[in-house]
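Novice: I have a structure I would like to understand better, so I am pasting it below and will then ask my questions one at a time.
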Amino acid sequence: MAGNVMGQADQAQEQGRTPTPHEITFELNGNQQTVQLDPRTTLVDLLREHLHLPGTKKGCDHGACGACTVHVNGERVLSCLTLAATLNDAKVTTIEGISPEDELHPIQEAFLRCDAYQCGYCTPGQIMSGIACIEEGHARNGEEEAREWMSGNLCRCSAYPNILAALRQTAGAESAEDPASKVKVLSLKEARN
Ligand code: FES
Ligand code: FES
């Protein structure tokens with residue numbers, strides 16, 4: 001009898017450790033997906049580990065760096081803080097889904113033109129936030145506003161000036177040119193005067 005009671009307790013404990021799989025159906029980059037998942041799975045882990053879409057990056061895993069930014073129903077979210085189980089019927093867009101195959105999104109072209117990345121680790125999150133920032137209307141009203149609305153995206157390589165230029169060029173707030181073309185290289189004589 002005692003053994004039976006212990007068996008039930010063990011079973012309950014085991015069930016506590018392993019939640020029942022949860023099924024969701026959602027749209028991912030234009031395709032319907034149905035997945036069975038542990039309800040504790042975050043969206044960034046679903047994308048990277050289960051659906052093999054490594055474009056979305058995991059930096060801090062704590063909502064502090066913006067590397068994991070994707071769009072859910074057209075709005076930017078931190079996928080490390082989003083439980084995938086909450087996304088039934090949602091529309092999710094990742095960096096892999098922002099433009100048709102073999103074409104670049106205008107902001108990706110601007111990142112190339114402006115040399116807006118160094119190691120590139122933050123770049124997918126910067127681009128997803130940048131697209132949202134433009135659509136929210138925060139990229140045209142001056143550099144300070146764009147900086148403020150991109151402040152959740154950290155770049156350990158400090159590519160910020162060129163990221164800002166790429167963003168504002170895509171929004172039409174600056175002419176589409178390489179920011180380096182405005183840099184004047186002074187001769188030693190000019191620098192001394
Ligand atoms: S990995 Fe999500 S905010 Fe840093
Ligand atoms: S380009 Fe290296 S972290 Fe931003």
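Simple scheme: letters A, B, ... for chains in structure tokens order, numbers from 1 for residues in each chain, numbers from 1 for ligands in the order shown.
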Neighbours of Asn73 (chain A) within 9 Å (only C-alpha atoms; same-chain residues fewer than 3 positions away dropped), as a ChimeraX atom specification?
Specialist: /A:76,90-93
Novice: Atoms to include: N, CA and C atoms. Write the selected residues as an mmCIF file, in the first residue's frame.
Specialist:
data_model
loop_
_atom_site.group_PDB
_atom_site.id
_atom_site.type_symbol
_atom_site.label_atom_id
_atom_site.label_comp_id
_atom_site.auth_asym_id
_atom_site.auth_seq_id
_atom_site.Cartn_x
_atom_site.Cartn_y
_atom_site.Cartn_z
ATOM 1 N N ARG A 76 7.068 44.686 -33.274
ATOM 2 C CA ARG A 76 8.323 44.068 -32.828
ATOM 3 C C ARG A 76 8.176 43.509 -31.417
ATOM 4 N N ALA A 90 -1.182 33.421 -34.530
ATOM 5 C CA ALA A 90 -0.421 34.665 -34.733
ATOM 6 C C ALA A 90 0.320 34.630 -36.070
ATOM 7 N N LYS A 91 0.788 35.814 -36.467
ATOM 8 C CA LYS A 91 1.594 35.928 -37.688
ATOM 9 C C LYS A 91 2.993 36.366 -37.265
ATOM 10 N N VAL A 92 3.952 35.492 -37.483
ATOM 11 C CA VAL A 92 5.326 35.767 -37.035
ATOM 12 C C VAL A 92 6.208 35.998 -38.265
ATOM 13 N N THR A 93 7.008 37.068 -38.207
ATOM 14 C CA THR A 93 7.963 37.333 -39.293
ATOM 15 C C THR A 93 9.352 37.437 -38.697
#
Novice: Please report as a Markdown table every residue of region 88-147 of chain A lying within 7 Å of region 151-174 of chain A, along with the nearest atom pair and their distance in Å (one decimal), using only C-alpha atoms.
Specialist:
| residue | atom | partner | partner_atom | distance |
| --- | --- | --- | --- | --- |
| A:Pro106 | CA | A:Thr170 | CA | 6.4 |
| A:Ile107 | CA | A:Thr170 | CA | 5.6 |
| A:Ala110 | CA | A:Ala166 | CA | 4.8 |
| A:Phe111 | CA | A:Ala166 | CA | 5.4 |
| A:Cys114 | CA | A:Asn162 | CA | 5.7 |
| A:Asp115 | CA | A:Asn162 | CA | 6.5 |
| A:Ala116 | CA | A:Asn162 | CA | 4.6 |
| A:Tyr117 | CA | A:Ala159 | CA | 5.8 |
| A:Gln118 | CA | A:Cys157 | CA | 6.3 |
| A:Cys122 | CA | A:Cys155 | CA | 5.8 |
| A:Gln126 | CA | A:Asn153 | CA | 6.1 |
| A:Gly130 | CA | A:Leu167 | CA | 6.1 |
| A:Ile134 | CA | A:Ala171 | CA | 6.0 |
| A:Ala139 | CA | A:Arg168 | CA | 5.7 |
| A:Arg140 | CA | A:Ala173 | CA | 5.1 |
| A:Arg147 | CA | A:Ser151 | CA | 5.9 |
Novice: Enumerate, in order of chain and increasing residue number, the residues of chain A with an atom no farther than 6 Å from ligand 1, each with its shortest atom pair and distance in Å to one decimal, counting only C-alpha atoms and all ligand atoms, as JSON lines.
Specialist:
{"residue": "A:Lys58", "atom": "CA", "partner": "ligand 1", "partner_atom_place_in_ligand_line": "1 (S)", "distance": 4.1}
{"residue": "A:Gly59", "atom": "CA", "partner": "ligand 1", "partner_atom_place_in_ligand_line": "1 (S)", "distance": 4.0}
{"residue": "A:Cys60", "atom": "CA", "partner": "ligand 1", "partner_atom_place_in_ligand_line": "4 (Fe)", "distance": 3.9}
{"residue": "A:Asp61", "atom": "CA", "partner": "ligand 1", "partner_atom_place_in_ligand_line": "1 (S)", "distance": 3.8}
{"residue": "A:His62", "atom": "CA", "partner": "ligand 1", "partner_atom_place_in_ligand_line": "4 (Fe)", "distance": 5.5}
{"residue": "A:Gly63", "atom": "CA", "partner": "ligand 1", "partner_atom_place_in_ligand_line": "3 (S)", "distance": 3.3}
{"residue": "A:Ala64", "atom": "CA", "partner": "ligand 1", "partner_atom_place_in_ligand_line": "3 (S)", "distance": 4.4}
{"residue": "A:Cys65", "atom": "CA", "partner": "ligand 1", "partner_atom_place_in_ligand_line": "4 (Fe)", "distance": 3.8}
{"residue": "A:Gly66", "atom": "CA", "partner": "ligand 1", "partner_atom_place_in_ligand_line": "3 (S)", "distance": 4.0}
{"residue": "A:Ala67", "atom": "CA", "partner": "ligand 1", "partner_atom_place_in_ligand_line": "1 (S)", "distance": 5.2}
{"residue": "A:Cys68", "atom": "CA", "partner": "ligand 1", "partner_atom_place_in_ligand_line": "2 (Fe)", "distance": 4.4}
{"residue": "A:Leu78", "atom": "CA", "partner": "ligand 1", "partner_atom_place_in_ligand_line": "2 (Fe)", "distance": 5.2}
{"residue": "A:Ser79", "atom": "CA", "partner": "ligand 1", "partner_atom_place_in_ligand_line": "2 (Fe)", "distance": 5.9}
{"residue": "A:Cys80", "atom": "CA", "partner": "ligand 1", "partner_atom_place_in_ligand_line": "2 (Fe)", "distance": 4.3}
Novice: Can you check which residues of region 92-164 of chain A DSSP gives as alpha helix (DSSP H) on the backbone and send them as number ranges by chain?
Specialist: A: 106-114, 123-135, 143-149, 160-164
Novice: Using only C-alpha atoms and all ligand atoms, which residue out of A:Gln33, A:Leu81, A:Tyr121, A:Glu75 lies closest to ligand 2?
Specialist: A:Tyr121
Novice: Nearest to Pro100 (chain A): which of A:Asn193, A:Thr86, A:Asn29, A:Ser187 is it, counting only C-alpha atoms?
Specialist: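 So, comparing all the options, the nearest one is A:Asn29.
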Novice: Figure out the distance between CA of Leu104 (chain A) and CA of Glu143 (chain A), please, to one decimal in Å.
Specialist: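 We find that CA of Glu143 (chain A) and CA of Leu104 (chain A) lie 24.5 Å from each other.
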Novice: Using only C-alpha atoms and all ligand atoms, find the one residue out of A:Thr25, A:Thr123, A:Ser181, A:Ser175 that sits nearest to ligand 2.
Specialist: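 Looking at the shortest contact to ligand 2, the residue is A:Thr123.
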Novice: As a PDB file with all heavy atoms, in the first residue's frame, which residues of region 19-185 of chain A does DSSP assign to strand (DSSP E)?
Specialist:
ATOM      1  N   HIS A  22       2.027  21.009 -26.025  1.00  0.00           N
ATOM      2  CA  HIS A  22       0.971  21.949 -26.404  1.00  0.00           C
ATOM      3  C   HIS A  22       1.063  22.146 -27.924  1.00  0.00           C
ATOM      4  O   HIS A  22       2.159  22.310 -28.448  1.00  0.00           O
ATOM      5  CB  HIS A  22       1.230  23.268 -25.672  1.00  0.00           C
ATOM      6  CG  HIS A  22       0.167  24.285 -25.853  1.00  0.00           C
ATOM      7  ND1 HIS A  22      -0.988  24.290 -25.108  1.00  0.00           N
ATOM      8  CD2 HIS A  22       0.095  25.338 -26.698  1.00  0.00           C
ATOM      9  CE1 HIS A  22      -1.728  25.317 -25.497  1.00  0.00           C
ATOM     10  NE2 HIS A  22      -1.101  25.965 -26.449  1.00  0.00           N
ATOM     11  N   GLU A  23      -0.059  22.139 -28.601  1.00  0.00           N
ATOM     12  CA  GLU A  23      -0.027  22.298 -30.060  1.00  0.00           C
ATOM     13  C   GLU A  23      -0.470  23.706 -30.437  1.00  0.00           C
ATOM     14  O   GLU A  23      -1.485  24.198 -29.933  1.00  0.00           O
ATOM     15  CB  GLU A  23      -0.944  21.277 -30.729  1.00  0.00           C
ATOM     16  CG  GLU A  23      -0.903  21.381 -32.257  1.00  0.00           C
ATOM     17  CD  GLU A  23      -1.732  20.293 -32.928  1.00  0.00           C
ATOM     18  OE1 GLU A  23      -1.342  19.120 -32.816  1.00  0.00           O
ATOM     19  OE2 GLU A  23      -2.770  20.636 -33.524  1.00  0.00           O
ATOM     20  N   ILE A  24       0.295  24.346 -31.303  1.00  0.00           N
ATOM     21  CA  ILE A  24      -0.137  25.637 -31.836  1.00  0.00           C
ATOM     22  C   ILE A  24      -0.025  25.627 -33.358  1.00  0.00           C
ATOM     23  O   ILE A  24       0.811  24.931 -33.935  1.00  0.00           O
ATOM     24  CB  ILE A  24       0.679  26.834 -31.287  1.00  0.00           C
ATOM     25  CG1 ILE A  24       2.173  26.718 -31.658  1.00  0.00           C
ATOM     26  CG2 ILE A  24       0.505  26.996 -29.797  1.00  0.00           C
ATOM     27  CD1 ILE A  24       2.941  28.018 -31.458  1.00  0.00           C
ATOM     28  N   THR A  25      -0.898  26.410 -33.995  1.00  0.00           N
ATOM     29  CA  THR A  25      -0.804  26.649 -35.431  1.00  0.00           C
ATOM     30  C   THR A  25      -0.629  28.144 -35.628  1.00  0.00           C
ATOM     31  O   THR A  25      -1.354  28.942 -35.036  1.00  0.00           O
ATOM     32  CB  THR A  25      -2.078  26.162 -36.149  1.00  0.00           C
ATOM     33  OG1 THR A  25      -2.194  24.756 -35.951  1.00  0.00           O
ATOM     34  CG2 THR A  25      -2.020  26.446 -37.647  1.00  0.00           C
ATOM     35  N   PHE A  26       0.383  28.525 -36.370  1.00  0.00           N
ATOM     36  CA  PHE A  26       0.629  29.945 -36.601  1.00  0.00           C
ATOM     37  C   PHE A  26       1.251  30.135 -37.975  1.00  0.00           C
ATOM     38  O   PHE A  26       1.648  29.167 -38.628  1.00  0.00           O
ATOM     39  CB  PHE A  26       1.523  30.535 -35.493  1.00  0.00           C
ATOM     40  CG  PHE A  26       2.938  30.027 -35.488  1.00  0.00           C
ATOM     41  CD1 PHE A  26       3.991  30.886 -35.766  1.00  0.00           C
ATOM     42  CD2 PHE A  26       3.234  28.709 -35.193  1.00  0.00           C
ATOM     43  CE1 PHE A  26       5.304  30.440 -35.756  1.00  0.00           C
ATOM     44  CE2 PHE A  26       4.536  28.247 -35.182  1.00  0.00           C
ATOM     45  CZ  PHE A  26       5.575  29.107 -35.461  1.00  0.00           C
ATOM     46  N   GLU A  27       1.303  31.401 -38.411  1.00  0.00           N
ATOM     47  CA  GLU A  27       1.905  31.695 -39.709  1.00  0.00           C
ATOM     48  C   GLU A  27       3.332  32.162 -39.472  1.00  0.00           C
ATOM     49  O   GLU A  27       3.563  33.090 -38.695  1.00  0.00           O
ATOM     50  CB  GLU A  27       1.099  32.785 -40.419  1.00  0.00           C
ATOM     51  CG  GLU A  27       1.589  33.051 -41.839  1.00  0.00           C
ATOM     52  CD  GLU A  27       0.830  34.192 -42.485  1.00  0.00           C
ATOM     53  OE1 GLU A  27      -0.424  34.194 -42.447  1.00  0.00           O
ATOM     54  OE2 GLU A  27       1.495  35.092 -43.014  1.00  0.00           O
ATOM     55  N   LEU A  28       4.264  31.518 -40.142  1.00  0.00           N
ATOM     56  CA  LEU A  28       5.665  31.893 -40.000  1.00  0.00           C
ATOM     57  C   LEU A  28       6.217  32.254 -41.373  1.00  0.00           C
ATOM     58  O   LEU A  28       6.284  31.403 -42.274  1.00  0.00           O
ATOM     59  CB  LEU A  28       6.457  30.726 -39.388  1.00  0.00           C
ATOM     60  CG  LEU A  28       7.966  30.937 -39.255  1.00  0.00           C
ATOM     61  CD1 LEU A  28       8.289  32.142 -38.373  1.00  0.00           C
ATOM     62  CD2 LEU A  28       8.625  29.686 -38.691  1.00  0.00           C
ATOM     63  N   ASN A  31       4.056  31.081 -44.201  1.00  0.00           N
ATOM     64  CA  ASN A  31       3.654  29.670 -44.282  1.00  0.00           C
ATOM     65  C   ASN A  31       2.986  29.233 -42.988  1.00  0.00           C
ATOM     66  O   ASN A  31       3.464  29.569 -41.898  1.00  0.00           O
ATOM     67  CB  ASN A  31       4.883  28.777 -44.519  1.00  0.00           C
ATOM     68  CG  ASN A  31       5.580  29.135 -45.823  1.00  0.00           C
ATOM     69  OD1 ASN A  31       4.939  29.255 -46.859  1.00  0.00           O
ATOM     70  ND2 ASN A  31       6.886  29.330 -45.763  1.00  0.00           N
ATOM     71  N   GLN A  32       1.914  28.445 -43.125  1.00  0.00           N
ATOM     72  CA  GLN A  32       1.252  27.910 -41.935  1.00  0.00           C
ATOM     73  C   GLN A  32       2.132  26.829 -41.307  1.00  0.00           C
ATOM     74  O   GLN A  32       2.687  25.992 -42.011  1.00  0.00           O
ATOM     75  CB  GLN A  32      -0.106  27.301 -42.305  1.00  0.00           C
ATOM     76  CG  GLN A  32      -1.175  28.332 -42.623  1.00  0.00           C
ATOM     77  CD  GLN A  32      -1.556  29.200 -41.428  1.00  0.00           C
ATOM     78  OE1 GLN A  32      -1.306  30.398 -41.426  1.00  0.00           O
ATOM     79  NE2 GLN A  32      -2.148  28.614 -40.400  1.00  0.00           N
ATOM     80  N   GLN A  33       2.225  26.858 -39.999  1.00  0.00           N
ATOM     81  CA  GLN A  33       3.023  25.878 -39.265  1.00  0.00           C
ATOM     82  C   GLN A  33       2.195  25.327 -38.121  1.00  0.00           C
ATOM     83  O   GLN A  33       1.532  26.105 -37.433  1.00  0.00           O
ATOM     84  CB  GLN A  33       4.233  26.559 -38.609  1.00  0.00           C
ATOM     85  CG  GLN A  33       5.259  27.106 -39.528  1.00  0.00           C
ATOM     86  CD  GLN A  33       6.342  26.079 -39.802  1.00  0.00           C
ATOM     87  OE1 GLN A  33       6.463  25.091 -39.073  1.00  0.00           O
ATOM     88  NE2 GLN A  33       7.086  26.272 -40.856  1.00  0.00           N
ATOM     89  N   THR A  34       2.230  24.023 -37.927  1.00  0.00           N
ATOM     90  CA  THR A  34       1.650  23.446 -36.716  1.00  0.00           C
ATOM     91  C   THR A  34       2.776  22.740 -35.974  1.00  0.00           C
ATOM     92  O   THR A  34       3.513  21.941 -36.565  1.00  0.00           O
ATOM     93  CB  THR A  34       0.534  22.443 -37.053  1.00  0.00           C
ATOM     94  OG1 THR A  34      -0.513  23.158 -37.727  1.00  0.00           O
ATOM     95  CG2 THR A  34      -0.050  21.818 -35.792  1.00  0.00           C
ATOM     96  N   VAL A  35       2.944  23.098 -34.707  1.00  0.00           N
ATOM     97  CA  VAL A  35       4.028  22.491 -33.936  1.00  0.00           C
ATOM     98  C   VAL A  35       3.510  22.027 -32.580  1.00  0.00           C
ATOM     99  O   VAL A  35       2.599  22.625 -32.016  1.00  0.00           O
ATOM    100  CB  VAL A  35       5.208  23.468 -33.719  1.00  0.00           C
ATOM    101  CG1 VAL A  35       5.938  23.760 -35.002  1.00  0.00           C
ATOM    102  CG2 VAL A  35       4.736  24.755 -33.080  1.00  0.00           C
ATOM    103  N   GLN A  36       4.096  20.945 -32.112  1.00  0.00           N
ATOM    104  CA  GLN A  36       3.852  20.468 -30.751  1.00  0.00           C
ATOM    105  C   GLN A  36       5.031  20.932 -29.937  1.00  0.00           C
ATOM    106  O   GLN A  36       6.174  20.695 -30.336  1.00  0.00           O
ATOM    107  CB  GLN A  36       3.843  18.936 -30.728  1.00  0.00           C
ATOM    108  CG  GLN A  36       2.779  18.289 -31.554  1.00  0.00           C
ATOM    109  CD  GLN A  36       1.565  17.931 -30.717  1.00  0.00           C
ATOM    110  OE1 GLN A  36       1.616  18.031 -29.494  1.00  0.00           O
ATOM    111  NE2 GLN A  36       0.494  17.536 -31.363  1.00  0.00           N
ATOM    112  N   LEU A  37       4.770  21.596 -28.815  1.00  0.00           N
ATOM    113  CA  LEU A  37       5.917  22.073 -28.052  1.00  0.00           C
ATOM    114  C   LEU A  37       5.672  21.995 -26.555  1.00  0.00           C
ATOM    115  O   LEU A  37       4.544  21.991 -26.087  1.00  0.00           O
ATOM    116  CB  LEU A  37       6.282  23.495 -28.476  1.00  0.00           C
ATOM    117  CG  LEU A  37       5.191  24.535 -28.654  1.00  0.00           C
ATOM    118  CD1 LEU A  37       4.684  25.100 -27.353  1.00  0.00           C
ATOM    119  CD2 LEU A  37       5.720  25.667 -29.512  1.00  0.00           C
ATOM    120  N   THR A  69      14.961  40.171 -31.712  1.00  0.00           N
ATOM    121  CA  THR A  69      13.733  40.856 -32.137  1.00  0.00           C
ATOM    122  C   THR A  69      13.128  40.236 -33.403  1.00  0.00           C
ATOM    123  O   THR A  69      13.823  40.020 -34.397  1.00  0.00           O
ATOM    124  CB  THR A  69      14.007  42.348 -32.402  1.00  0.00           C
ATOM    125  OG1 THR A  69      14.584  42.924 -31.228  1.00  0.00           O
ATOM    126  CG2 THR A  69      12.728  43.101 -32.769  1.00  0.00           C
ATOM    127  N   VAL A  70      11.839  39.934 -33.349  1.00  0.00           N
ATOM    128  CA  VAL A  70      11.068  39.498 -34.525  1.00  0.00           C
ATOM    129  C   VAL A  70       9.760  40.289 -34.510  1.00  0.00           C
ATOM    130  O   VAL A  70       9.498  41.049 -33.579  1.00  0.00           O
ATOM    131  CB  VAL A  70      10.776  37.972 -34.488  1.00  0.00           C
ATOM    132  CG1 VAL A  70      12.072  37.169 -34.472  1.00  0.00           C
ATOM    133  CG2 VAL A  70       9.885  37.602 -33.313  1.00  0.00           C
ATOM    134  N   HIS A  71       8.950  40.092 -35.536  1.00  0.00           N
ATOM    135  CA  HIS A  71       7.641  40.744 -35.561  1.00  0.00           C
ATOM    136  C   HIS A  71       6.549  39.708 -35.273  1.00  0.00           C
ATOM    137  O   HIS A  71       6.578  38.606 -35.839  1.00  0.00           O
ATOM    138  CB  HIS A  71       7.357  41.362 -36.926  1.00  0.00           C
ATOM    139  CG  HIS A  71       8.292  42.471 -37.276  1.00  0.00           C
ATOM    140  ND1 HIS A  71       8.259  43.113 -38.495  1.00  0.00           N
ATOM    141  CD2 HIS A  71       9.287  43.073 -36.568  1.00  0.00           C
ATOM    142  CE1 HIS A  71       9.189  44.047 -38.519  1.00  0.00           C
ATOM    143  NE2 HIS A  71       9.834  44.037 -37.371  1.00  0.00           N
ATOM    144  N   VAL A  72       5.617  40.059 -34.411  1.00  0.00           N
ATOM    145  CA  VAL A  72       4.429  39.241 -34.176  1.00  0.00           C
ATOM    146  C   VAL A  72       3.218  40.120 -34.473  1.00  0.00           C
ATOM    147  O   VAL A  72       3.075  41.198 -33.884  1.00  0.00           O
ATOM    148  CB  VAL A  72       4.372  38.703 -32.728  1.00  0.00           C
ATOM    149  CG1 VAL A  72       3.038  38.008 -32.474  1.00  0.00           C
ATOM    150  CG2 VAL A  72       5.522  37.734 -32.457  1.00  0.00           C
ATOM    151  N   GLU A  75       4.133  43.738 -35.089  1.00  0.00           N
ATOM    152  CA  GLU A  75       4.796  44.557 -34.076  1.00  0.00           C
ATOM    153  C   GLU A  75       6.058  43.869 -33.611  1.00  0.00           C
ATOM    154  O   GLU A  75       6.124  42.645 -33.537  1.00  0.00           O
ATOM    155  CB  GLU A  75       3.862  44.777 -32.889  1.00  0.00           C
ATOM    156  CG  GLU A  75       2.577  45.449 -33.313  1.00  0.00           C
ATOM    157  CD  GLU A  75       1.901  46.183 -32.182  1.00  0.00           C
ATOM    158  OE1 GLU A  75       2.244  45.902 -31.018  1.00  0.00           O
ATOM    159  OE2 GLU A  75       1.029  46.998 -32.484  1.00  0.00           O
ATOM    160  N   ARG A  76       7.068  44.686 -33.274  1.00  0.00           N
ATOM    161  CA  ARG A  76       8.323  44.068 -32.828  1.00  0.00           C
ATOM    162  C   ARG A  76       8.176  43.509 -31.417  1.00  0.00           C
ATOM    163  O   ARG A  76       7.592  44.144 -30.546  1.00  0.00           O
ATOM    164  CB  ARG A  76       9.469  45.067 -32.902  1.00  0.00           C
ATOM    165  CG  ARG A  76       9.190  46.433 -32.338  1.00  0.00           C
ATOM    166  CD  ARG A  76      10.424  47.305 -32.439  1.00  0.00           C
ATOM    167  NE  ARG A  76      10.109  48.716 -32.431  1.00  0.00           N
ATOM    168  CZ  ARG A  76      11.003  49.676 -32.277  1.00  0.00           C
ATOM    169  NH1 ARG A  76      12.260  49.391 -32.107  1.00  0.00           N
ATOM    170  NH2 ARG A  76      10.647  50.945 -32.306  1.00  0.00           N
ATOM    171  N   VAL A  77       8.705  42.330 -31.210  1.00  0.00           N
ATOM    172  CA  VAL A  77       8.708  41.725 -29.871  1.00  0.00           C
ATOM    173  C   VAL A  77      10.079  41.092 -29.630  1.00  0.00           C
ATOM    174  O   VAL A  77      10.807  40.777 -30.564  1.00  0.00           O
ATOM    175  CB  VAL A  77       7.627  40.632 -29.702  1.00  0.00           C
ATOM    176  CG1 VAL A  77       6.241  41.155 -29.992  1.00  0.00           C
ATOM    177  CG2 VAL A  77       7.934  39.414 -30.549  1.00  0.00           C
ATOM    178  N   LEU A  78      10.387  40.924 -28.361  1.00  0.00           N
ATOM    179  CA  LEU A  78      11.611  40.203 -27.979  1.00  0.00           C
ATOM    180  C   LEU A  78      11.251  38.729 -27.887  1.00  0.00           C
ATOM    181  O   LEU A  78      10.479  38.319 -27.014  1.00  0.00           O
ATOM    182  CB  LEU A  78      12.123  40.737 -26.642  1.00  0.00           C
ATOM    183  CG  LEU A  78      12.539  42.209 -26.651  1.00  0.00           C
ATOM    184  CD1 LEU A  78      12.879  42.680 -25.242  1.00  0.00           C
ATOM    185  CD2 LEU A  78      13.702  42.447 -27.600  1.00  0.00           C
ATOM    186  N   LYS A  91       0.788  35.814 -36.467  1.00  0.00           N
ATOM    187  CA  LYS A  91       1.594  35.928 -37.688  1.00  0.00           C
ATOM    188  C   LYS A  91       2.993  36.366 -37.265  1.00  0.00           C
ATOM    189  O   LYS A  91       3.161  37.465 -36.726  1.00  0.00           O
ATOM    190  CB  LYS A  91       0.942  36.966 -38.609  1.00  0.00           C
ATOM    191  CG  LYS A  91       1.649  37.140 -39.913  1.00  0.00           C
ATOM    192  CD  LYS A  91       0.860  38.094 -40.800  1.00  0.00           C
ATOM    193  CE  LYS A  91       1.683  38.435 -42.027  1.00  0.00           C
ATOM    194  NZ  LYS A  91       1.019  39.373 -42.903  1.00  0.00           N
ATOM    195  N   VAL A  92       3.952  35.492 -37.483  1.00  0.00           N
ATOM    196  CA  VAL A  92       5.326  35.767 -37.035  1.00  0.00           C
ATOM    197  C   VAL A  92       6.208  35.998 -38.265  1.00  0.00           C
ATOM    198  O   VAL A  92       6.151  35.241 -39.235  1.00  0.00           O
ATOM    199  CB  VAL A  92       5.880  34.578 -36.216  1.00  0.00           C
ATOM    200  CG1 VAL A  92       7.337  34.823 -35.814  1.00  0.00           C
ATOM    201  CG2 VAL A  92       5.016  34.331 -34.976  1.00  0.00           C
ATOM    202  N   THR A  93       7.008  37.068 -38.207  1.00  0.00           N
ATOM    203  CA  THR A  93       7.963  37.333 -39.293  1.00  0.00           C
ATOM    204  C   THR A  93       9.352  37.437 -38.697  1.00  0.00           C
ATOM    205  O   THR A  93       9.573  38.172 -37.721  1.00  0.00           O
ATOM    206  CB  THR A  93       7.619  38.643 -40.027  1.00  0.00           C
ATOM    207  OG1 THR A  93       6.256  38.602 -40.448  1.00  0.00           O
ATOM    208  CG2 THR A  93       8.497  38.821 -41.262  1.00  0.00           C
TER     209      THR A  93
END
Novice: Ranking A:Gly125, A:Gly30, A:Gly120, A:Gly142 by minimum distance to ligand 2 and counting only C-alpha atoms and all ligand atoms, which one comes first?
Specialist: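 Among the listed residues, A:Gly120 lies closest to ligand 2.
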Novice: Go through A:Arg113, A:Arg17, A:His52, A:Lys57 and flag the residue nearest ligand 2, using only C-alpha atoms and all ligand atoms for the distances.
Specialist: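 Residue with the minimum atom-to-atom distance to ligand 2: A:Lys57.
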Novice: In terms of the shortest atom-to-atom distance over only C-alpha atoms and all ligand atoms, which of A:Lys184, A:Ile127, A:Glu96, A:Asp45 is closest to ligand 2?
Specialist: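 Among the listed residues, A:Ile127 lies closest to ligand 2.
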